[in-house]
Structures are given as structure tokens and as C-alpha cells.
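query.cif (mmCIF, C-alpha atoms)
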```cif
data_upload
loop_
_atom_site.label_atom_id
_atom_site.label_comp_id
_atom_site.auth_asym_id
_atom_site.auth_seq_id
_atom_site.Cartn_x
_atom_site.Cartn_y
_atom_site.Cartn_z
CA MET A 1 12.62 36.54 -9.82
CA GLU A 2 16.22 37.54 -9.29
CA LYS A 3 16.78 34.67 -6.89
CA LYS A 4 15.27 32.24 -9.37
CA LYS A 5 17.57 33.47 -12.13
CA LYS A 6 20.60 33.22 -9.89
CA ARG A 7 19.72 29.66 -8.86
CA ARG A 8 19.25 28.65 -12.51
CA PHE A 9 22.62 30.18 -13.40
CA PHE A 10 24.41 28.30 -10.64
CA ILE A 11 22.78 25.00 -11.59
CA ILE A 12 23.85 25.42 -15.24
CA PHE A 13 27.35 26.46 -14.16
CA ALA A 14 27.72 23.47 -11.84
CA CYS A 15 26.44 21.07 -14.54
CA ILE A 16 28.96 22.35 -17.09
CA THR A 17 31.81 22.13 -14.59
CA ILE A 18 30.90 18.59 -13.56
CA LEU A 19 30.56 17.50 -17.20
CA LEU A 20 33.97 18.97 -18.02
CA LEU A 21 35.55 17.25 -15.02
CA ILE A 22 34.04 13.88 -16.00
CA GLY A 23 35.22 14.38 -19.57
CA THR A 24 38.69 15.18 -18.34
CA VAL A 25 38.91 12.10 -16.19
CA LEU A 26 37.50 9.78 -18.87
CA THR A 27 39.66 11.00 -21.73
CA LYS A 28 43.24 9.76 -22.27
CA PRO A 29 45.96 11.94 -20.72
CA VAL A 30 47.55 14.20 -23.32
CA GLY A 31 51.20 14.23 -22.41
CA SER A 32 53.79 11.85 -21.10
CA GLY A 33 56.69 12.62 -18.73
CA GLU A 34 59.08 12.88 -21.66
CA GLU A 35 56.96 15.48 -23.38
CA VAL A 36 56.88 17.63 -20.26
CA GLY A 37 60.63 17.32 -20.00
CA GLU A 38 61.04 18.41 -23.59
CA LEU A 39 58.67 21.27 -23.02
CA MET A 40 60.57 22.43 -19.98
CA ARG A 41 63.89 22.11 -21.77
CA ASP A 42 62.61 24.14 -24.68
CA ALA A 43 61.15 26.76 -22.34
CA VAL A 44 64.60 27.18 -20.81
CA LEU A 45 66.85 26.85 -23.83
CA HIS A 46 64.57 27.75 -26.77
CA ASP A 47 66.69 25.54 -28.97
CA VAL A 48 63.98 23.49 -30.65
CA ASN A 49 61.07 25.75 -31.40
CA LYS A 50 62.78 28.49 -33.39
CA ILE A 51 60.84 31.03 -35.40
CA SER A 52 61.92 32.47 -38.72
CA LEU A 53 62.56 36.22 -38.62
CA PHE A 54 61.27 37.45 -42.00
CA GLY A 55 63.09 34.52 -43.60
CA ILE A 56 66.47 36.05 -42.70
CA MET A 57 67.36 33.87 -39.75
CA ASN A 58 65.84 31.58 -37.17
CA VAL A 59 65.45 33.18 -33.77
CA ASN A 60 64.13 32.27 -30.34
CA PRO A 61 60.42 33.01 -29.79
CA GLY A 62 61.53 35.58 -27.19
CA VAL A 63 62.92 37.82 -29.96
CA ILE A 64 59.60 37.72 -31.80
CA SER A 65 57.80 38.46 -28.52
CA ALA A 66 60.12 41.42 -27.90
CA MET A 67 59.48 42.82 -31.37
CA THR A 68 55.72 42.32 -31.01
CA VAL A 69 55.80 44.14 -27.67
CA THR A 70 57.76 46.99 -29.27
CA GLY A 71 55.21 47.16 -32.09
CA ILE A 72 52.31 47.25 -29.65
CA MET A 73 54.05 49.89 -27.53
CA PHE A 74 54.81 51.95 -30.63
CA ILE A 75 51.15 51.98 -31.71
CA PHE A 76 50.00 52.75 -28.18
CA ALA A 77 52.57 55.54 -27.71
CA LEU A 78 51.74 57.02 -31.12
CA ILE A 79 48.00 57.10 -30.36
CA VAL A 80 48.67 58.66 -26.95
CA ARG A 81 51.07 61.22 -28.46
CA ILE A 82 48.66 62.25 -31.22
CA PHE A 83 45.30 62.08 -29.49
CA VAL A 84 45.85 62.29 -25.74
CA ILE A 85 48.89 64.40 -24.90
CA PRO A 86 47.77 67.50 -26.89
CA ARG A 87 44.52 67.41 -24.86
CA PHE A 88 46.29 67.31 -21.49
CA LYS A 89 44.70 69.58 -18.89
CA MET A 90 46.11 71.38 -15.86
CA VAL A 91 43.66 69.40 -13.74
CA PRO A 92 44.26 65.88 -15.05
CA GLY A 93 41.69 63.24 -15.95
CA LYS A 94 42.04 59.56 -15.04
CA PHE A 95 44.18 58.44 -17.98
CA GLN A 96 46.36 61.54 -17.85
CA MET A 97 46.84 60.94 -14.14
CA VAL A 98 48.00 57.35 -14.79
CA LEU A 99 50.50 58.54 -17.42
CA GLU A 100 51.78 61.35 -15.21
CA MET A 101 52.01 59.03 -12.23
CA LEU A 102 54.08 56.57 -14.26
CA VAL A 103 56.45 59.20 -15.64
CA GLY A 104 56.55 60.99 -12.28
CA TYR A 105 57.37 57.75 -10.45
CA PHE A 106 60.37 56.88 -12.64
CA ASP A 107 61.53 60.48 -12.77
CA GLY A 108 61.30 60.64 -8.98
CA LEU A 109 63.11 57.32 -8.66
CA ALA A 110 65.98 58.67 -10.76
CA LYS A 111 66.09 62.00 -8.93
CA SER A 112 65.89 60.53 -5.43
CA ASN A 113 68.62 57.92 -6.06
CA SER A 114 70.89 60.00 -8.21
CA PRO A 115 70.99 63.74 -7.53
CA HIS A 116 73.43 64.22 -10.46
CA ARG A 117 72.89 63.43 -14.15
CA ASN A 118 69.44 61.95 -13.61
CA SER A 119 67.58 63.04 -16.76
CA PHE A 120 68.89 60.13 -18.87
CA LEU A 121 68.54 57.72 -15.97
CA GLY A 122 64.86 58.72 -15.60
CA ALA A 123 64.17 57.98 -19.27
CA TYR A 124 66.10 54.69 -19.09
CA VAL A 125 64.40 53.32 -15.99
CA PHE A 126 61.03 54.40 -17.43
CA SER A 127 61.68 52.45 -20.64
CA ALA A 128 63.11 49.44 -18.81
CA GLY A 129 60.29 49.35 -16.28
CA VAL A 130 57.56 49.66 -18.91
CA TYR A 131 59.30 47.06 -21.11
CA ILE A 132 59.63 44.51 -18.30
CA PHE A 133 56.03 45.01 -17.17
CA VAL A 134 54.39 44.99 -20.60
CA SER A 135 56.52 42.14 -21.97
CA THR A 136 55.71 40.00 -18.94
CA ILE A 137 52.00 40.76 -19.20
CA PHE A 138 52.27 39.95 -22.91
CA GLU A 139 52.76 36.30 -21.96
CA LEU A 140 49.19 36.23 -20.62
CA PHE A 141 47.62 36.92 -23.99
CA GLY A 142 49.03 33.74 -25.50
CA VAL A 143 49.75 35.24 -28.90
CA GLN A 144 50.43 32.34 -31.24
CA ALA A 145 53.27 31.91 -33.71
CA THR A 146 54.36 29.16 -36.09
CA THR A 147 57.76 27.61 -35.56
CA VAL A 148 60.15 26.49 -38.28
CA HIS A 149 58.87 22.94 -37.67
CA ASN A 150 55.35 24.14 -38.50
CA THR A 151 54.13 23.71 -34.96
CA ILE A 152 52.14 26.41 -33.24
CA ILE A 153 53.40 27.81 -29.95
CA SER A 154 52.23 30.67 -27.80
CA LEU A 155 54.81 33.41 -27.56
CA PRO A 156 56.61 33.58 -24.19
CA ALA A 157 57.70 36.65 -22.27
CA PRO A 158 60.76 38.13 -24.05
CA LEU A 159 62.75 38.18 -20.83
CA SER A 160 62.21 34.47 -20.20
CA ASP A 161 64.70 34.12 -23.06
CA ILE A 162 68.20 34.17 -21.53
CA ASN A 163 69.41 36.45 -24.36
CA GLY A 164 66.77 39.10 -23.56
CA ALA A 165 67.50 38.99 -19.85
CA LEU A 166 71.26 39.17 -20.48
CA MET A 167 70.75 42.13 -22.79
CA LEU A 168 68.77 44.08 -20.19
CA GLY A 169 71.10 43.19 -17.31
CA CYS A 170 74.24 44.11 -19.27
CA LEU A 171 72.65 47.25 -20.72
CA SER A 172 71.71 48.42 -17.24
CA TYR A 173 75.29 47.81 -16.16
CA MET A 174 76.57 49.78 -19.17
CA VAL A 175 74.23 52.64 -18.29
CA ILE A 176 75.59 52.63 -14.74
CA LEU A 177 79.16 52.50 -16.08
CA SER A 178 78.56 55.35 -18.53
CA GLY A 179 77.05 57.45 -15.73
CA GLY A 180 80.12 56.77 -13.58
CA ILE A 181 82.50 57.72 -16.40
CA ALA A 182 80.55 60.90 -17.25
CA GLN A 183 80.49 62.06 -13.65
CA ASN A 184 83.70 60.74 -12.07
CA LYS A 185 85.93 59.73 -15.01
CA LEU A 186 88.39 56.97 -13.90
CA LYS A 187 87.06 56.90 -10.37
CA GLY A 188 83.60 56.20 -11.85
CA ILE A 189 84.98 53.24 -13.81
CA GLY A 190 86.59 51.89 -10.65
CA LYS A 191 83.39 52.29 -8.68
CA THR A 192 81.36 50.50 -11.35
CA LEU A 193 83.86 47.69 -11.90
CA LYS A 194 83.78 47.05 -8.16
CA GLU A 195 80.23 45.79 -8.76
CA PHE A 196 81.36 43.39 -11.50
CA SER A 197 78.78 40.77 -10.52
CA LEU A 198 75.95 43.20 -11.12
CA PRO A 199 75.21 42.45 -14.81
CA ILE A 200 75.16 38.72 -14.13
CA SER A 201 73.02 39.02 -11.02
CA MET A 202 70.56 41.40 -12.70
CA SER A 203 70.34 39.28 -15.85
CA PHE A 204 69.87 35.98 -14.09
CA ARG A 205 67.46 37.43 -11.56
CA LEU A 206 65.26 38.59 -14.42
CA PHE A 207 65.71 35.37 -16.34
CA GLY A 208 65.10 33.18 -13.30
CA ALA A 209 62.02 35.07 -12.16
CA LEU A 210 60.37 35.15 -15.56
CA LEU A 211 61.41 31.62 -16.50
CA SER A 212 60.11 30.17 -13.27
CA GLY A 213 56.79 31.90 -13.89
CA ALA A 214 56.69 30.55 -17.42
CA LEU A 215 57.65 27.04 -16.31
CA VAL A 216 55.03 26.87 -13.60
CA THR A 217 52.39 28.16 -16.01
CA GLU A 218 53.45 25.69 -18.70
CA LEU A 219 53.40 22.87 -16.21
CA VAL A 220 49.94 23.75 -14.99
CA TYR A 221 48.57 24.15 -18.51
CA HIS A 222 50.16 20.90 -19.62
CA TYR A 223 47.90 18.81 -17.39
CA THR A 224 44.27 19.26 -18.21
CA HIS A 225 43.28 18.18 -14.70
CA LEU A 226 44.94 21.28 -13.32
CA SER A 227 43.42 23.66 -15.82
CA TYR A 228 40.27 24.44 -13.77
CA GLY A 229 40.49 27.49 -11.58
CA LEU A 230 44.21 27.11 -10.95
CA PRO A 231 45.36 29.07 -14.03
CA VAL A 232 43.52 32.12 -12.69
CA VAL A 233 45.86 32.13 -9.70
CA VAL A 234 48.97 30.79 -11.34
CA GLY A 235 48.75 32.44 -14.72
CA LEU A 236 47.18 35.77 -13.89
CA LEU A 237 48.19 36.65 -10.35
CA PHE A 238 51.71 35.24 -10.53
CA THR A 239 52.38 36.89 -13.88
CA LEU A 240 50.99 40.22 -12.73
CA LEU A 241 52.92 40.05 -9.48
CA HIS A 242 56.28 39.14 -10.90
CA ALA A 243 55.80 41.63 -13.75
CA LEU A 244 55.45 44.35 -11.16
CA ILE A 245 58.15 43.03 -8.85
CA GLN A 246 60.77 42.52 -11.56
CA ALA A 247 60.08 45.94 -13.11
CA TYR A 248 60.48 47.50 -9.67
CA VAL A 249 63.59 45.51 -8.72
CA LEU A 250 65.57 46.15 -11.92
CA THR A 251 64.73 49.85 -12.12
CA MET A 252 65.39 50.34 -8.41
CA LEU A 253 68.77 48.55 -8.59
CA THR A 254 69.81 50.45 -11.70
CA ALA A 255 68.87 53.80 -10.14
CA LEU A 256 70.56 52.89 -6.87
CA PHE A 257 73.88 51.84 -8.41
CA TYR A 258 73.78 54.71 -10.90
CA GLY A 259 73.36 57.13 -8.00
CA GLU A 260 76.21 55.46 -6.15
CA VAL A 261 78.72 55.71 -9.00
CA THR A 262 77.74 59.29 -9.94
CA GLU A 263 78.13 60.60 -6.40
CA MET B 1 81.66 27.02 -30.26
CA SER B 2 78.17 27.31 -28.79
CA LEU B 3 77.69 29.02 -25.45
CA PRO B 4 75.82 27.27 -22.62
CA LEU B 5 72.11 27.90 -21.99
CA ASN B 6 71.71 28.69 -25.70
CA ILE B 7 73.24 32.14 -25.21
CA ASP B 8 73.53 33.66 -28.67
CA PRO B 9 75.36 37.02 -29.13
CA GLN B 10 73.43 37.67 -32.34
CA GLN B 11 70.13 37.33 -30.54
CA ILE B 12 71.39 39.46 -27.66
CA LEU B 13 72.14 42.16 -30.22
CA LEU B 14 68.67 41.68 -31.73
CA HIS B 15 67.14 42.15 -28.28
CA LEU B 16 69.38 45.19 -27.77
CA LEU B 17 68.33 46.69 -31.10
CA ASN B 18 64.71 46.08 -30.20
CA PHE B 19 65.12 47.71 -26.79
CA VAL B 20 66.98 50.73 -28.20
CA VAL B 21 64.13 51.25 -30.69
CA LEU B 22 61.60 50.89 -27.87
CA PHE B 23 63.60 53.31 -25.72
CA GLY B 24 63.52 55.88 -28.56
CA ILE B 25 59.79 55.41 -29.09
CA LEU B 26 58.94 55.65 -25.41
CA TYR B 27 61.28 58.57 -24.84
CA PHE B 28 60.13 60.72 -27.75
CA LEU B 29 56.46 59.79 -27.80
CA LEU B 30 55.63 59.37 -24.12
CA TYR B 31 58.27 60.21 -21.52
CA SER B 32 59.53 63.51 -22.90
CA PRO B 33 56.14 65.10 -23.79
CA VAL B 34 54.51 64.02 -20.52
CA LYS B 35 57.51 65.26 -18.51
CA LYS B 36 57.51 68.54 -20.45
CA PHE B 37 53.84 69.00 -19.66
CA MET B 38 54.45 68.21 -15.99
CA ASP B 39 57.37 70.67 -15.89
CA LYS B 40 55.17 73.25 -17.61
CA ARG B 41 52.50 72.76 -14.98
CA ILE B 42 55.07 73.05 -12.19
CA GLU B 43 56.28 76.26 -13.83
CA TYR B 44 52.71 77.51 -14.17
CA TYR B 45 51.91 76.90 -10.51
CA LYS B 46 55.28 78.33 -9.47
CA GLU B 47 54.48 81.47 -11.44
CA LEU B 48 51.05 81.62 -9.81
CA ASP B 49 52.69 81.17 -6.43
CA GLU B 50 55.24 83.88 -7.14
CA GLN B 51 52.49 86.16 -8.42
CA ALA B 52 50.49 85.54 -5.26
CA LYS B 53 53.57 86.17 -3.13
CA SER B 54 54.39 89.40 -4.97
CA ASP B 55 50.73 90.49 -4.68
CA ARG B 56 50.82 89.71 -0.98
CA ASP B 57 54.06 91.66 -0.58
CA LYS B 58 52.60 94.57 -2.51
CA ALA B 59 49.48 94.46 -0.35
CA SER B 60 51.64 94.42 2.80
CA GLU B 61 53.63 97.36 1.47
CA SER B 62 50.44 99.25 0.62
CA LYS B 63 49.04 98.44 4.05
CA ALA B 64 52.20 99.72 5.75
CA GLU B 65 52.11 102.82 3.55
CA TYR B 66 48.45 103.45 4.33
CA GLU B 67 49.05 102.92 8.03
CA LYS B 68 51.92 105.38 7.87
CA LYS B 69 49.76 107.85 5.99
CA LEU B 70 46.96 107.29 8.46
CA GLU B 71 49.30 108.03 11.34
CA GLN B 72 50.53 111.11 9.53
CA VAL B 73 46.98 112.26 8.87
CA SER B 74 46.03 111.58 12.49
CA SER B 75 48.93 113.68 13.75
CA GLU B 76 48.03 116.38 11.23
CA ILE B 77 44.43 116.29 12.42
CA GLU B 78 45.63 116.50 16.02
CA GLN B 79 47.82 119.49 15.12
CA GLU B 80 44.94 121.15 13.31
CA LYS B 81 42.69 120.50 16.28
CA ARG B 82 45.23 122.04 18.63
CA GLU B 83 45.58 125.08 16.42
CA ALA B 84 41.83 125.40 16.02
CA ARG B 85 41.35 125.10 19.78
CA LYS B 86 43.99 127.76 20.31
CA ALA B 87 42.35 130.03 17.75
CA ILE B 88 38.95 129.42 19.30
CA ASN B 89 40.33 130.20 22.74
CA ALA B 90 41.95 133.36 21.46
CA GLN B 91 38.75 134.37 19.73
CA ARG B 92 36.74 133.60 22.85
CA ASP B 93 39.09 135.62 25.05
CA LYS B 94 38.85 138.47 22.59
CA SER B 95 35.08 138.25 22.53
CA ILE B 96 34.92 138.08 26.33
CA LEU B 97 37.20 141.11 26.59
CA ALA B 98 35.12 143.01 24.05
CA ALA B 99 31.94 142.00 25.89
CA LYS B 100 33.45 143.10 29.20
CA ASN B 101 34.44 146.46 27.72
CA GLU B 102 31.01 146.84 26.22
CA ALA B 103 29.41 145.89 29.51
CA GLU B 104 31.57 148.37 31.40
CA LYS B 105 30.73 151.02 28.89
CA ILE B 106 27.02 150.23 29.20
CA ILE B 107 27.27 150.23 33.00
CA ASP B 108 29.10 153.57 32.94
CA GLU B 109 26.51 155.04 30.66
CA ALA B 110 23.74 153.60 32.81
CA ASN B 111 25.36 154.97 35.94
CA LYS B 112 25.75 158.35 34.34
CA ARG B 113 22.15 158.29 33.18
CA ALA B 114 20.95 157.14 36.60
CA GLU B 115 22.96 159.88 38.27
CA ALA B 116 21.47 162.42 35.93
CA ASP B 117 17.97 161.06 36.54
CA ARG B 118 18.53 161.13 40.30
CA LYS B 119 19.73 164.65 40.17
CA LYS B 120 16.79 165.64 38.05
CA MET B 121 14.40 163.80 40.36
CA ILE B 122 15.86 165.47 43.42
CA ALA B 123 15.56 168.80 41.71
CA ASP B 124 11.99 168.06 40.72
CA ALA B 125 11.20 166.81 44.22
CA GLU B 126 12.64 169.93 45.83
CA GLY B 127 10.41 172.05 43.63
CA GLU B 128 7.39 169.92 44.47
CA ILE B 129 8.15 169.99 48.22
CA ALA B 130 8.36 173.72 48.11
CA ASP B 131 5.04 173.90 46.30
CA ILE B 132 3.45 171.42 48.75
CA ALA B 133 4.84 173.37 51.69
CA ALA B 134 3.51 176.57 50.29
CA ASP B 135 0.11 174.95 49.67
CA ALA B 136 0.05 173.47 53.18
CA ALA B 137 1.02 176.77 54.82
CA GLU B 138 -1.58 178.50 52.93
CA LYS B 139 -4.25 175.95 53.93
CA ILE B 140 -3.23 176.05 57.61
CA LEU B 141 -3.21 179.72 57.76
CA LEU B 142 -6.54 179.83 56.22
CA SER B 143 -8.30 177.07 58.24
CA SER B 144 -7.17 177.02 62.09
CA SER B 145 -5.17 178.54 64.95
CA VAL B 146 -1.42 179.09 64.65
CA MET B 147 -0.36 176.17 66.93
CA GLU B 148 -2.80 173.81 65.43
CA SER B 149 -1.91 175.11 62.13
CA TYR B 150 1.73 174.68 62.95
CA ASP B 151 1.17 171.12 64.11
CA GLN B 152 -0.95 170.39 61.18
CA PHE B 153 1.69 171.94 59.04
CA LEU B 154 4.39 169.75 60.51
CA GLU B 155 2.23 166.68 60.24
CA ALA B 156 1.34 167.57 56.72
CA VAL B 157 5.01 168.13 55.87
CA ASP B 158 5.94 164.83 57.57
CA GLY B 159 3.16 163.09 55.77
CA ASP B 160 4.17 164.53 52.44
CA LEU B 161 7.83 163.79 52.99
CA GLY B 162 7.00 160.23 54.09
CA GLY B 163 4.87 159.77 51.02
CA ALA B 164 7.59 161.17 48.79
CA ASP B 165 10.17 158.84 50.42
CA ASP B 166 7.82 155.91 49.91
CA GLU B 167 7.57 156.81 46.26
#
```

So, in terms of C-alpha cells, how does the structure I just supplied come out?
Amino acid sequence: MEKKKKRRFFIIFACITILLLIGTVLTKPVGSGEEVGELMRDAVLHDVNKISLFGIMNVNPGVISAMTVTGIMFIFALIVRIFVIPRFKMVPGKFQMVLEMLVGYFDGLAKSNSPHRNSFLGAYVFSAGVYIFVSTIFELFGVQATTVHNTIISLPAPLSDINGALMLGCLSYMVILSGGIAQNKLKGIGKTLKEFSLPISMSFRLFGALLSGALVTELVYHYTHLSYGLPVVVGLLFTLLHALIQAYVLTMLTALFYGEVTE
Amino acid sequence: MSLPLNIDPQQILLHLLNFVVLFGILYFLLYSPVKKFMDKRIEYYKELDEQAKSDRDKASESKAEYEKKLEQVSSEIEQEKREARKAINAQRDKSILAAKNEAEKIIDEANKRAEADRKKMIADAEGEIADIAADAAEKILLSSSVMESYDQFLEAVDGDLGGADDE
């Protein structure tokens, strides 16, 4: 009986897939080369598809994505703070263990790289790491927004916007600089300024990594022929991987340089 | 003048504002409370550890104290034993001496009594011999000639004396 059911399921699945493939081949292609070019250009520059921010100004979709992520994180953190943290036990459950592991990891990262003045660094790398990871994953959900031209776009990862990546790279550099000043005064400034290329390298690394992910995904989604099976690998695995890798790289670099200048 | 790559300072500031707000939210609602709880747990287990260590130290101290006391008690017991043995020995010697004195006294008394009995017996025997001799002389004189009577007398005396010695 089980075998029969399984066979029937596979036959139906194969029929649907074949029908979709035939439909795809027979229908007229959706985009032209120019459209892809425009799409790519807009994904990089965000200069066409602007979104109105409460009617005050027109902003890149990345800003809206960033604010949405902050809103989601706020609701999540509030629920956890009210309902979960007061019920924490000495022997943790699964969710408590995940939270403690996360906080413990970033706290440990700060402590191991910077033996001095690491309490602020721990909080900063925690926030930055969580922000990079969640905002990159956010891209997967394809939350839709209406542009000022009344077209609908799916919101990109906030850090695929050059302004977001620059902000995080420069902020990390400022955190490192402030740590150096607090610990070593003028010597700290000298040590930090020695790494003058750091904000640019951190910003563009983030921007490049997230933009390349977004571009590849856009490219794959643009052609219907490629939208079978491939998005699972490209969209999901790549996004998950570079979300993790970029969160790790930026927090690790920040902690490392912070530790170096506060020695 | 517009910057390349659509870099917009206003939007950078918007991103910065957004991140600062997110930092505040995450710090006050998640990072700080979770870290406080973790620190509290570390403190709790540290206290437990310290308590266990202090208990172990106390136990070791008590053990050492008890061992010391035990040694002290053992030496006291040994001392007591020695004293008791000495007292017992003294008592035994005293008893033996008293017993010896008593025994000597008893032996003396017995000797004295035996001497008195012997003397009395000898005295009694002398009286009896004289009586027997008188009886025998009388019988001999009355029954046969003098020589025979004399022989018979001697034999009778010998016989009587032998019988008395046997007794």
C-alpha cells in the first residue's frame, strides 16, 4: 500500500514537472538582455527603484529592508525578554541553549581577542553579527514593497546597499578607534590610523559578498528556465552560507583589530 | 555633486540610526539579560564549588582532628593498660605473698599439731606397750616353763612391737 502511494506520488510529481518545463519552453521569454542589464545596474546602484520613507524622502530599498529587520528583531527580542528570559533555568532547554550559545560565542570572541575593555566590544560584535546574519537571511523571504514608480520589488538584503555596508564598515572602524583612544590615548589613535584601509576593505567586502549573492540570485530568477531546482542551491544555500561567513568575518576582524589597538 | 556608486551620506546616516536603534534593542533586551543570567549561573556554580571546597577542607580538618584524638586516646589507653597491668601485678604479688604467709602459717600450725599428735601417740603407745608386756608376762608365767615363757615373751613382745610399727 505504501509502495503504491509512493509510486502514485512520483508519477504525479513527474507529470507536473514535465508540464511546467514544456510550458516554460513554449511560452515567450520574459526578459531581454537590456532588462537584465537594468536589473543588475539597479541592484548595484539602487538609483531607479527608490521607495518613499513615510512620504518624507525617497530612499534605497536597502534602508527599508534595514528598518524592517530592526522591527522584526525588536518584536522577537521583546517576546524573548518578556516570555523566555524570566523562565530561564540553571539547566537550559533547547532555545535557552541557542540564546546562551550565541551570546557566549560573541562574548568569548571579544574576550579572547581583546583582554582589555571587552564588554562593549562583546555587545557590538553580537549586534553586528546578528544584524548581518538576519538581514542577509531576510532577502530569502522576498518581502515585497512598492517603489515610487508604482512597481513592486522584493526587498534586498540591507547590506547589499553600498550605504549600509559603508555604515557598518566605518562604524566598526570607529569602534576600533574609540577602543584604541580609551585604552592607549594617542598611541591608540596611531595604531588605528595605521590600518586606514580597514573601513574601506570591511565595507566593500560586505557589499561585494552580499551584492554578488543578490546578483546571482536575481540572474537565476530572471530566467524562468533556470528557476527549477537551481534556486534551492543558489538562493538558499548561498544566502545561508554567505550570511554566516560575512557575520563571522566582520565580527572576527573587528574583535581582532580592537584587541590589537587596546593592547 | 553626487558620489559614485550612489553613495548617499543621508542614507548612510539612516542606516547608522537604524543600526544604533537595533544595537540598543539587542543590548538591552537580549545580550545584557542573557549575559547577566549566564554570569549569575557562573557565580552560582562558583559558590557551589567554593562551598564544596570549604566542606572538603572542613572534613579534612575534622578527619585530622579525629585522627589526632584517636592517637591521643590510643596512647591514653596504652598508658591506662600499663598502669592497670602494674596494679594487677602489684596486687598479684601481694596476694601471692599473703598466700605464702598463710601457707607457712598453716604449715607451722600443722607441724605443731603433728608434733603434738606424735608425742601423744608415742606416749599412748608406751602405755599400751607396758600394758601388753605386763599382760604377756602374766600369760607366760601362768602357762609354760621359764625359758619357753621367756622365748614366748620375747616373741610376743617382738610380735606386738612389729604390729605396732606396722600400724

What residues in chain B have any atom no more than 8 Å from chain A when counting all atoms listed in the file, and can you write them as an mmCIF file with C-alpha atoms, in the coordinates of the input?
```
data_model
loop_
_atom_site.group_PDB
_atom_site.id
_atom_site.type_symbol
_atom_site.label_atom_id
_atom_site.label_comp_id
_atom_site.auth_asym_id
_atom_site.auth_seq_id
_atom_site.Cartn_x
_atom_site.Cartn_y
_atom_site.Cartn_z
ATOM 1 C CA LEU B 5 72.110 27.900 -21.990
ATOM 2 C CA ASN B 6 71.710 28.690 -25.700
ATOM 3 C CA ILE B 7 73.240 32.140 -25.210
ATOM 4 C CA ASP B 8 73.530 33.660 -28.670
ATOM 5 C CA PRO B 9 75.360 37.020 -29.130
ATOM 6 C CA GLN B 11 70.130 37.330 -30.540
ATOM 7 C CA ILE B 12 71.390 39.460 -27.660
ATOM 8 C CA LEU B 13 72.140 42.160 -30.220
ATOM 9 C CA LEU B 14 68.670 41.680 -31.730
ATOM 10 C CA HIS B 15 67.140 42.150 -28.280
ATOM 11 C CA LEU B 16 69.380 45.190 -27.770
ATOM 12 C CA ASN B 18 64.710 46.080 -30.200
ATOM 13 C CA PHE B 19 65.120 47.710 -26.790
ATOM 14 C CA VAL B 21 64.130 51.250 -30.690
ATOM 15 C CA LEU B 22 61.600 50.890 -27.870
ATOM 16 C CA PHE B 23 63.600 53.310 -25.720
ATOM 17 C CA ILE B 25 59.790 55.410 -29.090
ATOM 18 C CA LEU B 26 58.940 55.650 -25.410
ATOM 19 C CA TYR B 27 61.280 58.570 -24.840
ATOM 20 C CA LEU B 29 56.460 59.790 -27.800
ATOM 21 C CA LEU B 30 55.630 59.370 -24.120
ATOM 22 C CA TYR B 31 58.270 60.210 -21.520
ATOM 23 C CA PRO B 33 56.140 65.100 -23.790
ATOM 24 C CA VAL B 34 54.510 64.020 -20.520
ATOM 25 C CA LYS B 35 57.510 65.260 -18.510
ATOM 26 C CA PHE B 37 53.840 69.000 -19.660
ATOM 27 C CA MET B 38 54.450 68.210 -15.990
ATOM 28 C CA ARG B 41 52.500 72.760 -14.980
#
```

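Minimum atom-to-atom distance to Thr147 (chain A), evaluated using all atoms listed in the file, belongs to A:Ser52 out of A:Ser135, A:Ser52, A:Ser197, A:Ser119.
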
Could you please determine the separation between CA of Thr262 (chain A) and CA of Lys191 (chain A) in Å, to one decimal place?
9.1 Å

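From CA of Asn113 (chain A) back to CA of Met174 (chain A), the distance works out to 17.4 Å.
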
Please list, as number ranges by chain, the residues that have an atom at most 12 Å away from (48.9, 36.2, -10.5) in the coordinates of this file, counting all atoms listed in the file.
A: 136-137, 140, 213-214, 216-217, 230-245

Pick out the residues sitting within 10 Å of Val48 (chain A), and hand them over as a list of chain:residue names; count only C-alpha atoms, and ignore anything fewer than 3 positions along from it in its own chain.
A:Glu38, A:Leu39, A:Arg41, A:Asp42, A:Ala43, A:Leu45, A:Ile51, A:Asn60, A:Thr147, A:Val148, A:His149

Which value, in Å to one decimal, gives the distance between CA of Leu177 (chain A) and CA of Leu121 (chain A)?
11.8 Å

Counting only C-alpha atoms, which residues have an atom no more than 12 Å from (72.6, 43.8, -9.4) in the file's coordinates? Please list them as a PyMOL selection string.
chain A and resi 168-173+176+192+194-206+249-258
